[in-house]
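Next up, target-v8.txt (compact mmCIF, C-alpha atoms):
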# COMPACT_ATOMS: atom_id res chain seq x y z
CA MET N 1 0.00 0.00 0.00
CA ALA N 2 1.19 3.47 -0.84
CA LYS N 3 1.59 5.91 2.01
CA ILE N 4 -0.68 8.91 1.45
CA ILE N 5 0.74 12.20 2.73
CA VAL N 6 -1.24 15.42 2.65
CA VAL N 7 0.54 18.77 2.66
CA THR N 8 -1.95 21.18 4.18
CA SER N 9 -2.14 24.41 6.19
CA GLY N 10 -5.52 26.11 6.14
CA LYS N 11 -3.98 29.48 5.34
CA GLY N 12 -2.81 30.28 1.83
CA GLY N 13 0.64 31.40 0.78
CA VAL N 14 2.56 29.62 3.53
CA GLY N 15 4.42 27.25 1.21
CA LYS N 16 2.26 24.16 0.65
CA THR N 17 3.07 23.79 -3.05
CA THR N 18 6.76 24.58 -2.50
CA THR N 19 6.77 21.92 0.22
CA SER N 20 4.86 19.37 -1.88
CA ALA N 21 7.32 19.83 -4.73
CA ALA N 22 10.33 19.60 -2.40
CA ILE N 23 9.17 16.62 -0.35
CA SER N 24 8.00 14.59 -3.36
CA SER N 25 11.27 15.33 -5.19
CA GLY N 26 13.24 14.42 -2.06
CA LEU N 27 11.48 11.07 -1.70
CA ALA N 28 12.02 10.29 -5.38
CA MET N 29 15.70 11.30 -5.16
CA ARG N 30 16.06 8.64 -2.49
CA GLY N 31 14.66 6.07 -4.89
CA HIS N 32 11.06 5.91 -3.68
CA LYS N 33 8.47 5.82 -6.43
CA THR N 34 6.40 8.91 -5.68
CA ALA N 35 3.36 10.64 -7.15
CA VAL N 36 2.41 14.21 -6.31
CA ILE N 37 -1.18 15.32 -6.89
CA ASP N 38 -2.35 18.92 -7.16
CA PHE N 39 -5.76 19.18 -5.44
CA ASP N 40 -6.14 22.90 -6.11
CA ILE N 41 -8.86 22.58 -8.74
CA GLY N 42 -9.20 25.77 -10.76
CA LEU N 43 -5.95 27.25 -9.45
CA ARG N 44 -3.34 24.76 -10.60
CA ASN N 45 0.21 25.77 -9.74
CA LEU N 46 2.21 22.69 -8.84
CA ASP N 47 2.97 22.24 -12.56
CA LEU N 48 4.70 25.65 -12.62
CA ILE N 49 6.75 24.96 -9.50
CA MET N 50 7.83 21.62 -10.99
CA ASN N 51 8.47 23.03 -14.45
CA CYS N 52 6.03 20.82 -16.34
CA GLU N 53 3.31 23.38 -17.13
CA ARG N 54 3.79 22.97 -20.87
CA ARG N 55 3.51 19.21 -20.71
CA VAL N 56 0.02 19.08 -19.16
CA VAL N 57 -2.41 17.30 -21.47
CA TYR N 58 -4.82 15.56 -19.14
CA ASP N 59 -5.49 16.28 -15.49
CA PHE N 60 -6.81 14.82 -12.24
CA VAL N 61 -10.48 15.53 -13.06
CA ASN N 62 -10.12 13.97 -16.54
CA VAL N 63 -8.96 10.76 -14.84
CA ILE N 64 -11.80 10.81 -12.31
CA ASN N 65 -14.35 11.36 -15.10
CA GLY N 66 -12.85 8.59 -17.20
CA GLU N 67 -11.87 11.00 -19.99
CA ALA N 68 -8.24 9.90 -19.73
CA THR N 69 -6.35 7.05 -18.16
CA LEU N 70 -4.12 7.65 -15.16
CA LYS N 71 -1.13 6.72 -17.27
CA GLN N 72 -2.03 9.39 -19.84
CA ALA N 73 -2.42 12.08 -17.20
CA LEU N 74 0.68 11.39 -15.10
CA ILE N 75 3.64 13.58 -16.08
CA LYS N 76 7.05 12.05 -15.55
CA ASP N 77 9.44 14.45 -13.84
CA LYS N 78 12.49 15.36 -15.92
CA ARG N 79 14.84 15.49 -12.94
CA CYS N 80 13.82 12.51 -10.83
CA GLU N 81 13.45 9.07 -12.29
CA ASP N 82 10.82 7.94 -9.76
CA LEU N 83 8.61 11.03 -9.65
CA TYR N 84 5.27 11.61 -11.38
CA ILE N 85 3.00 14.65 -11.26
CA LEU N 86 -0.78 14.61 -11.55
CA PRO N 87 -1.85 18.18 -12.34
CA ALA N 88 -5.06 19.79 -11.15
CA SER N 89 -7.80 20.66 -13.58
CA GLN N 90 -8.42 24.29 -14.46
CA THR N 91 -12.19 23.79 -14.41
CA ARG N 92 -14.18 26.11 -12.19
CA ASP N 93 -16.38 23.28 -10.99
CA LYS N 94 -15.09 22.81 -7.45
CA ASP N 95 -17.18 19.71 -6.92
CA ALA N 96 -15.41 17.88 -9.73
CA LEU N 97 -13.55 15.94 -7.05
CA THR N 98 -15.66 13.21 -5.50
CA LYS N 99 -14.66 10.95 -2.63
CA GLU N 100 -15.16 7.89 -4.83
CA GLY N 101 -13.20 9.42 -7.70
CA VAL N 102 -10.27 10.44 -5.52
CA GLU N 103 -10.22 7.05 -3.83
CA LYS N 104 -10.19 5.30 -7.20
CA VAL N 105 -7.15 7.29 -8.36
CA LEU N 106 -5.30 6.76 -5.06
CA ASN N 107 -5.97 3.01 -5.17
CA GLN N 108 -4.80 2.78 -8.75
CA LEU N 109 -1.57 4.62 -7.93
CA SER N 110 -1.04 2.25 -5.05
CA ASP N 111 -1.66 -0.77 -7.31
CA ASP N 112 0.81 0.66 -9.84
CA GLY N 113 3.56 0.37 -7.25
CA PHE N 114 3.78 3.92 -5.98
CA GLU N 115 5.27 4.03 -2.47
CA TYR N 116 4.32 7.60 -1.62
CA ILE N 117 1.45 9.79 -2.77
CA ILE N 118 1.80 13.46 -1.86
CA CYS N 119 -1.48 15.40 -1.90
CA ASP N 120 -0.92 19.14 -2.35
CA SER N 121 -3.93 20.72 -0.67
CA PRO N 122 -5.52 24.02 -1.67
CA ALA N 123 -5.84 26.73 0.97
CA GLY N 124 -8.98 26.99 3.04
CA ILE N 125 -11.21 24.30 4.52
CA GLU N 126 -13.55 23.90 1.56
CA HIS N 127 -14.21 20.81 -0.52
CA GLY N 128 -10.82 20.62 -2.28
CA ALA N 129 -8.88 20.88 0.98
CA PHE N 130 -11.15 18.27 2.55
CA MET N 131 -10.67 15.88 -0.37
CA ALA N 132 -6.88 16.31 -0.14
CA LEU N 133 -6.76 15.37 3.54
CA TYR N 134 -9.57 12.82 3.74
CA PHE N 135 -7.55 9.75 2.71
CA ALA N 136 -4.27 10.78 4.34
CA ASP N 137 -2.18 8.43 6.49
CA THR N 138 0.20 11.25 7.32
CA ALA N 139 -0.27 15.01 7.35
CA ILE N 140 2.39 17.66 6.99
CA VAL N 141 0.91 20.88 8.36
CA VAL N 142 2.82 23.84 6.96
CA SER N 143 2.84 26.92 9.15
CA ASN N 144 4.57 30.28 9.15
CA PRO N 145 5.62 31.70 12.54
CA GLU N 146 2.76 34.16 12.42
CA VAL N 147 -0.55 34.30 14.33
CA SER N 148 -3.08 33.72 11.55
CA SER N 149 -1.13 30.84 10.07
CA VAL N 150 -0.71 29.09 13.43
CA ARG N 151 -4.38 29.47 14.25
CA ASP N 152 -5.43 28.06 10.87
CA SER N 153 -3.01 25.17 11.32
CA ASP N 154 -4.74 24.29 14.56
CA ARG N 155 -8.09 24.34 12.74
CA ILE N 156 -6.74 21.94 10.12
CA LEU N 157 -5.35 19.65 12.83
CA GLY N 158 -8.83 19.55 14.35
CA ILE N 159 -10.35 18.58 11.00
CA LEU N 160 -7.73 15.85 10.51
CA GLN N 161 -8.57 14.49 13.94
CA SER N 162 -12.33 14.44 13.39
CA LYS N 163 -13.23 14.35 9.70
CA SER N 164 -10.56 12.27 7.95
CA ARG N 165 -11.15 8.67 6.93
CA ARG N 166 -8.74 7.47 9.60
CA ALA N 167 -10.66 9.45 12.21
CA GLU N 168 -13.90 7.86 11.01
CA LEU N 169 -12.30 4.43 11.39
CA GLY N 170 -11.15 5.28 14.91
CA GLN N 171 -7.51 5.54 13.80
CA THR N 172 -5.18 8.51 13.92
CA VAL N 173 -3.50 10.45 11.15
CA GLU N 174 0.22 10.84 11.78
CA GLU N 175 0.75 14.59 12.11
CA PHE N 176 3.87 16.62 11.45
CA LEU N 177 4.52 20.32 11.71
CA LEU N 178 6.71 22.06 9.15
CA VAL N 179 7.55 25.67 9.97
CA THR N 180 8.45 27.68 6.88
CA ARG N 181 9.68 31.26 6.25
CA TYR N 182 11.59 31.13 9.53
CA ASN N 183 13.81 34.06 10.29
CA PRO N 184 16.11 33.30 13.27
CA GLY N 185 17.27 36.90 13.49
CA ARG N 186 13.75 38.18 14.01
CA VAL N 187 13.08 35.41 16.52
CA GLU N 188 16.14 36.48 18.51
CA ASN N 189 14.93 40.09 18.43
CA GLY N 190 11.56 38.99 19.77
CA ASP N 191 9.70 40.01 16.61
CA MET N 192 8.80 36.51 15.45
CA LEU N 193 7.37 33.45 17.15
CA GLY N 194 10.07 30.88 17.82
CA VAL N 195 9.72 27.34 16.56
CA ASP N 196 9.39 26.11 20.17
CA ASP N 197 6.44 28.43 20.70
CA VAL N 198 4.67 27.28 17.52
CA GLN N 199 5.30 23.67 18.42
CA GLU N 200 4.06 24.20 21.97
CA ILE N 201 0.81 25.78 20.76
CA LEU N 202 0.11 23.15 18.12
CA ALA N 203 1.48 20.18 20.14
CA THR N 204 2.66 18.37 17.02
CA THR N 205 5.90 16.59 16.09
CA LEU N 206 8.30 18.93 14.32
CA LEU N 207 9.28 17.68 10.87
CA GLY N 208 11.46 20.61 9.98
CA VAL N 209 12.11 24.33 9.97
CA ILE N 210 12.67 25.94 6.59
CA PRO N 211 14.53 29.23 6.86
CA ASP N 212 13.20 32.26 5.03
CA SER N 213 15.50 32.29 2.05
CA GLU N 214 15.93 34.19 -1.18
CA SER N 215 16.77 30.94 -2.90
CA VAL N 216 13.13 29.74 -2.65
CA LEU N 217 11.86 32.46 -4.99
CA LYS N 218 14.84 32.02 -7.30
CA ALA N 219 14.06 28.31 -7.52
CA SER N 220 10.35 28.80 -8.19
CA ASN N 221 11.16 31.38 -10.88
CA GLN N 222 12.92 28.60 -12.74
CA GLY N 223 10.54 25.78 -11.92
CA LEU N 224 13.17 24.04 -9.85
CA PRO N 225 11.94 22.38 -6.64
CA ILE N 226 14.08 24.02 -3.94
CA ILE N 227 15.36 20.68 -2.65
CA HIS N 228 17.52 20.42 -5.80
CA ASP N 229 19.42 23.54 -4.70
CA LYS N 230 21.93 21.80 -2.46
CA GLU N 231 23.79 25.04 -1.74
CA SER N 232 20.81 26.79 -0.18
CA ASP N 233 19.88 26.49 3.48
CA ALA N 234 16.20 26.02 2.53
CA GLY N 235 17.08 23.16 0.19
CA GLN N 236 19.18 21.50 2.89
CA ALA N 237 16.43 21.97 5.45
CA TYR N 238 14.00 20.16 3.11
CA GLN N 239 16.55 17.34 2.68
CA ASP N 240 16.59 16.97 6.46
CA ALA N 241 12.79 17.02 6.60
CA VAL N 242 12.58 14.20 4.05
CA ALA N 243 15.08 12.17 6.09
CA ARG N 244 12.95 12.67 9.23
CA LEU N 245 9.82 11.72 7.29
CA LEU N 246 11.55 8.44 6.51
CA GLY N 247 12.24 7.92 10.20
CA GLU N 248 15.86 9.09 10.37
CA LYS N 249 17.06 11.08 13.36
CA VAL N 250 18.48 14.35 12.09
CA ASP N 251 19.25 17.42 14.20
CA HIS N 252 17.43 20.62 13.28
CA ARG N 253 19.61 23.22 11.58
CA PHE N 254 19.33 26.91 10.67
CA LEU N 255 17.55 27.75 13.94
CA SER N 256 19.95 30.50 14.97
CA VAL N 257 21.61 33.42 13.29
CA GLU N 258 24.93 32.66 11.70
CA SER N 259 27.62 34.41 13.66
CA LYS N 260 28.48 37.31 11.44
CA SER N 261 29.13 40.12 13.87
CA PHE N 262 31.80 42.64 13.06
CA PHE N 263 34.25 41.25 15.61
CA GLN N 264 33.75 37.67 14.57
CA ARG N 265 34.38 38.58 10.96
CA LEU N 266 37.49 40.40 12.04
CA PHE N 267 38.78 37.44 13.99
CA ARG N 268 37.93 34.97 11.25
CA ARG N 269 39.82 37.04 8.76
CA SER N 270 42.89 37.28 10.95
CA ALA N 271 42.78 33.60 11.87
CA MET J 1 23.30 48.37 20.16
CA SER J 2 22.38 51.94 21.00
CA ILE J 3 21.11 53.03 24.36
CA PHE J 4 17.60 53.33 22.90
CA ASP J 5 17.63 49.70 21.85
CA TYR J 6 18.50 48.78 25.42
CA PHE J 7 15.32 50.40 26.70
CA LYS J 8 13.24 48.97 23.87
CA SER J 9 14.31 45.43 24.64
CA SER J 10 13.16 45.77 28.23
CA LYS J 11 9.65 46.23 26.86
CA LYS J 12 7.58 43.15 26.18
CA ASN J 13 8.44 41.80 22.74
CA THR J 14 5.75 41.24 20.15
CA ALA J 15 6.47 37.52 19.73
CA SER J 16 5.48 36.81 23.32
CA ILE J 17 2.28 38.82 22.83
CA ALA J 18 1.58 36.68 19.75
CA LYS J 19 2.16 33.51 21.73
CA GLU J 20 -0.17 34.53 24.55
CA ARG J 21 -2.93 35.56 22.14
CA LEU J 22 -2.60 32.31 20.23
CA GLN J 23 -2.69 30.19 23.38
CA VAL J 24 -5.95 31.84 24.42
CA ILE J 25 -7.74 31.64 21.07
CA VAL J 26 -6.54 28.12 20.26
CA ALA J 27 -7.69 26.82 23.66
CA HIS J 28 -11.06 28.52 23.16
CA GLU J 29 -11.53 27.08 19.67
CA ARG J 30 -10.46 23.60 20.76
CA SER J 31 -13.06 23.59 23.52
CA LYS J 32 -15.76 24.31 20.93
CA ARG J 33 -14.40 21.78 18.45
CA ASN J 34 -15.65 18.70 20.21
CA GLN J 35 -19.16 20.00 20.52
CA PRO J 36 -21.91 18.51 18.37
CA ASP J 37 -22.89 20.26 15.14
CA TYR J 38 -26.44 20.94 16.35
CA LEU J 39 -25.31 23.25 19.14
CA PRO J 40 -25.36 26.55 17.19
CA ALA J 41 -28.85 25.74 15.85
CA LEU J 42 -30.01 24.77 19.34
CA GLN J 43 -28.63 28.04 20.69
CA GLN J 44 -30.43 29.99 17.96
CA GLU J 45 -33.78 28.30 18.65
CA ILE J 46 -33.53 28.78 22.42
CA LEU J 47 -32.76 32.43 21.72
CA GLU J 48 -35.90 32.74 19.59
CA VAL J 49 -38.04 31.28 22.38
CA ILE J 50 -36.61 33.56 25.06
CA ARG J 51 -37.02 36.57 22.76
CA LYS J 52 -40.78 35.98 22.77
CA TYR J 53 -40.76 37.07 26.39
CA VAL J 54 -37.59 39.09 27.02
CA SER J 55 -35.55 41.20 24.66
CA ILE J 56 -32.00 39.79 24.60
CA ASP J 57 -29.10 39.85 22.19
CA GLN J 58 -27.25 36.98 20.51
CA ASP J 59 -24.26 37.32 22.84
CA GLN J 60 -26.36 37.20 25.98
CA ILE J 61 -26.93 33.50 25.61
CA ASP J 62 -24.28 30.84 25.97
CA VAL J 63 -24.78 27.11 25.40
CA GLN J 64 -22.06 24.68 26.47
CA LEU J 65 -21.94 20.93 26.38
CA GLU J 66 -19.58 19.36 28.88
CA ASN J 67 -18.63 15.72 28.87
CA ASN J 68 -17.84 14.13 32.21
CA GLY J 69 -17.18 10.49 31.57
CA ASP J 70 -20.46 8.80 30.70
CA CYS J 71 -22.66 11.81 31.40
CA SER J 72 -23.00 15.02 29.41
CA ILE J 73 -24.15 18.31 30.87
CA LEU J 74 -25.90 20.84 28.69
CA GLU J 75 -25.30 24.20 30.30
CA LEU J 76 -27.43 27.16 29.33
CA ASN J 77 -26.50 30.66 30.45
CA VAL J 78 -28.82 33.54 29.70
CA THR J 79 -27.97 37.05 30.81
CA LEU J 80 -31.22 38.94 31.29
CA PRO J 81 -31.17 42.71 30.92
CA ASP J 82 -31.83 44.81 34.03
Can the structure from this file be put into structure tokens for me?
Amino acid sequence: MAKIIVVTSGKGGVGKTTTSAAISSGLAMRGHKTAVIDFDIGLRNLDLIMNCERRVVYDFVNVINGEATLKQALIKDKRCEDLYILPASQTRDKDALTKEGVEKVLNQLSDDGFEYIICDSPAGIEHGAFMALYFADTAIVVSNPEVSSVRDSDRILGILQSKSRRAELGQTVEEFLLVTRYNPGRVENGDMLGVDDVQEILATTLLGVIPDSESVLKASNQGLPIIHDKESDAGQAYQDAVARLLGEKVDHRFLSVESKSFFQRLFRRSA
Amino acid sequence: MSIFDYFKSSKKNTASIAKERLQVIVAHERSKRNQPDYLPALQQEILEVIRKYVSIDQDQIDVQLENNGDCSILELNVTLPD
């Protein structure tokens, strides 16, 4: 059986699609056959982040409606051998996703030997977001260290715990917190919630902390999932997060400001 | 660090204000989360009935369901105007 992982947040713009692209690429880079599905019907964007927007022929809704086979709709990633993308439809019919339809696609992916299925959720708590999380075994809740994002994350955690299929079956969804756009300097100045605070409020296992980094925008400009940028701190932080997702014990990095004070620079230069 | 920064840092920082506010609202919303879906409708209907006799506002009525083991207590608080 494939492991179904939803990347969700409630609030928009916190980095769900960036995270979906990075985590799915990271899993595939480690040799796990992975599919990533864009659930944001009408506002498809995962294709842009993964640089396959010009290769979209059929989409998720086409497969559900039987207008295309899953094989026709899946786009093979150009960078990772084991990664496939299922783009969202641009239809405005939000109810195009049905529970039965989504389940059918997930089962077929599982039968086709996929080990991981990443569901990139739309923002909000409407139908699309609900469909993305309903079948999840694991949830990655993406949150910025900011009040509205943290509150919405807690809302989503509540929905996972009460409305998901696992909840209905009396089971639990494995929950992880991923803090993105983290700025250690602002945390040290007392202007930004620290990762410990966010974790304490949400009471969820910490999967990773992605530092606020210029490299994320540079990567998305080019359609390069940030995890491929091995030089950048954000890319490295996603590598660590993937390792933790696979059960490895990895220390958290990039939680404090790099020592770059005037005196330290002076000493480093003279050393 | 200038002398002004020194005084500024002795003031409460905004991150701790954010944390306190979040702790309060999240706790409040979690307590409502486990309540049955019919509670808002129940509250509305009770309000309608009371309004037949006394003029009260929406926020002057509070319905809570508390679970204590195998027994549930439906608590109804109505603040009547003077």
Practice task
Give as an MDAnalysis selection string the set of residues within 9 Å of the point (2.7, 19.5, 7.5), where distances use the file's coordinates and only C-alpha atoms.
Solution key: chainID N and resid 5:9 16 19 138:143 153 175:179 206:207
Fewer than 5 positions away in the same chain doesn't count, so skip those; otherwise give me all residues within 10 Å of range 53-56 of chain N, counting all atoms listed in the file, as an mmCIF file with C-alpha atoms, keeping the file's coordinate frame.
data_model
loop_
_atom_site.group_PDB
_atom_site.id
_atom_site.type_symbol
_atom_site.label_atom_id
_atom_site.label_comp_id
_atom_site.auth_asym_id
_atom_site.auth_seq_id
_atom_site.Cartn_x
_atom_site.Cartn_y
_atom_site.Cartn_z
ATOM 1 C CA ARG N 44 -3.340 24.760 -10.600
ATOM 2 C CA ASN N 45 0.210 25.770 -9.740
ATOM 3 C CA LEU N 46 2.210 22.690 -8.840
ATOM 4 C CA ASP N 47 2.970 22.240 -12.560
ATOM 5 C CA LEU N 48 4.700 25.650 -12.620
ATOM 6 C CA GLN N 72 -2.030 9.390 -19.840
ATOM 7 C CA ALA N 73 -2.420 12.080 -17.200
ATOM 8 C CA LEU N 74 0.680 11.390 -15.100
ATOM 9 C CA ILE N 75 3.640 13.580 -16.080
ATOM 10 C CA LYS N 76 7.050 12.050 -15.550
ATOM 11 C CA ILE N 85 3.000 14.650 -11.260
ATOM 12 C CA LEU N 86 -0.780 14.610 -11.550
ATOM 13 C CA PRO N 87 -1.850 18.180 -12.340
ATOM 14 C CA ALA N 88 -5.060 19.790 -11.150
ATOM 15 C CA SER N 89 -7.800 20.660 -13.580
ATOM 16 C CA GLY N 223 10.540 25.780 -11.920
#
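Distances from N:Ile49, N:Leu246, N:Ala22, N:Val105 to Val61 in chain N were compared using all atoms listed in the file, and the smallest one belongs to N:Val105.
Each of N:Gln90, N:Ser162, N:Thr34, N:Asn65 was checked against Asp77 in chain N using only C-alpha atoms; the smallest atom-to-atom distance is that of N:Thr34.
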Exercise for the section: Kindly provide, as a PyMOL selection string, the residues of chain N having any atom no farther than 12 Å from an atom of chain J, counting only C-alpha atoms. Expected result: chain N and resi 145-163+186-203+261
Handout entry: Between CA of Gly101 in chain N and CA of Cys52 in chain N, distance in Å (one decimal)
Key = 24.0 Å
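Between CA of Ile227 in chain N and CA of Ser215 in chain N there is a distance of 10.4 Å.
Reported to one decimal place, the separation of CA of Phe135 in chain N from CA of Glu103 in chain N is 7.6 Å.
Nearest-residue note for Arg244 in chain N: choosing from N:Gln108, N:Gln222, N:Thr18, N:Thr205, the minimum distance belongs to N:Thr205, counting all atoms listed in the file.
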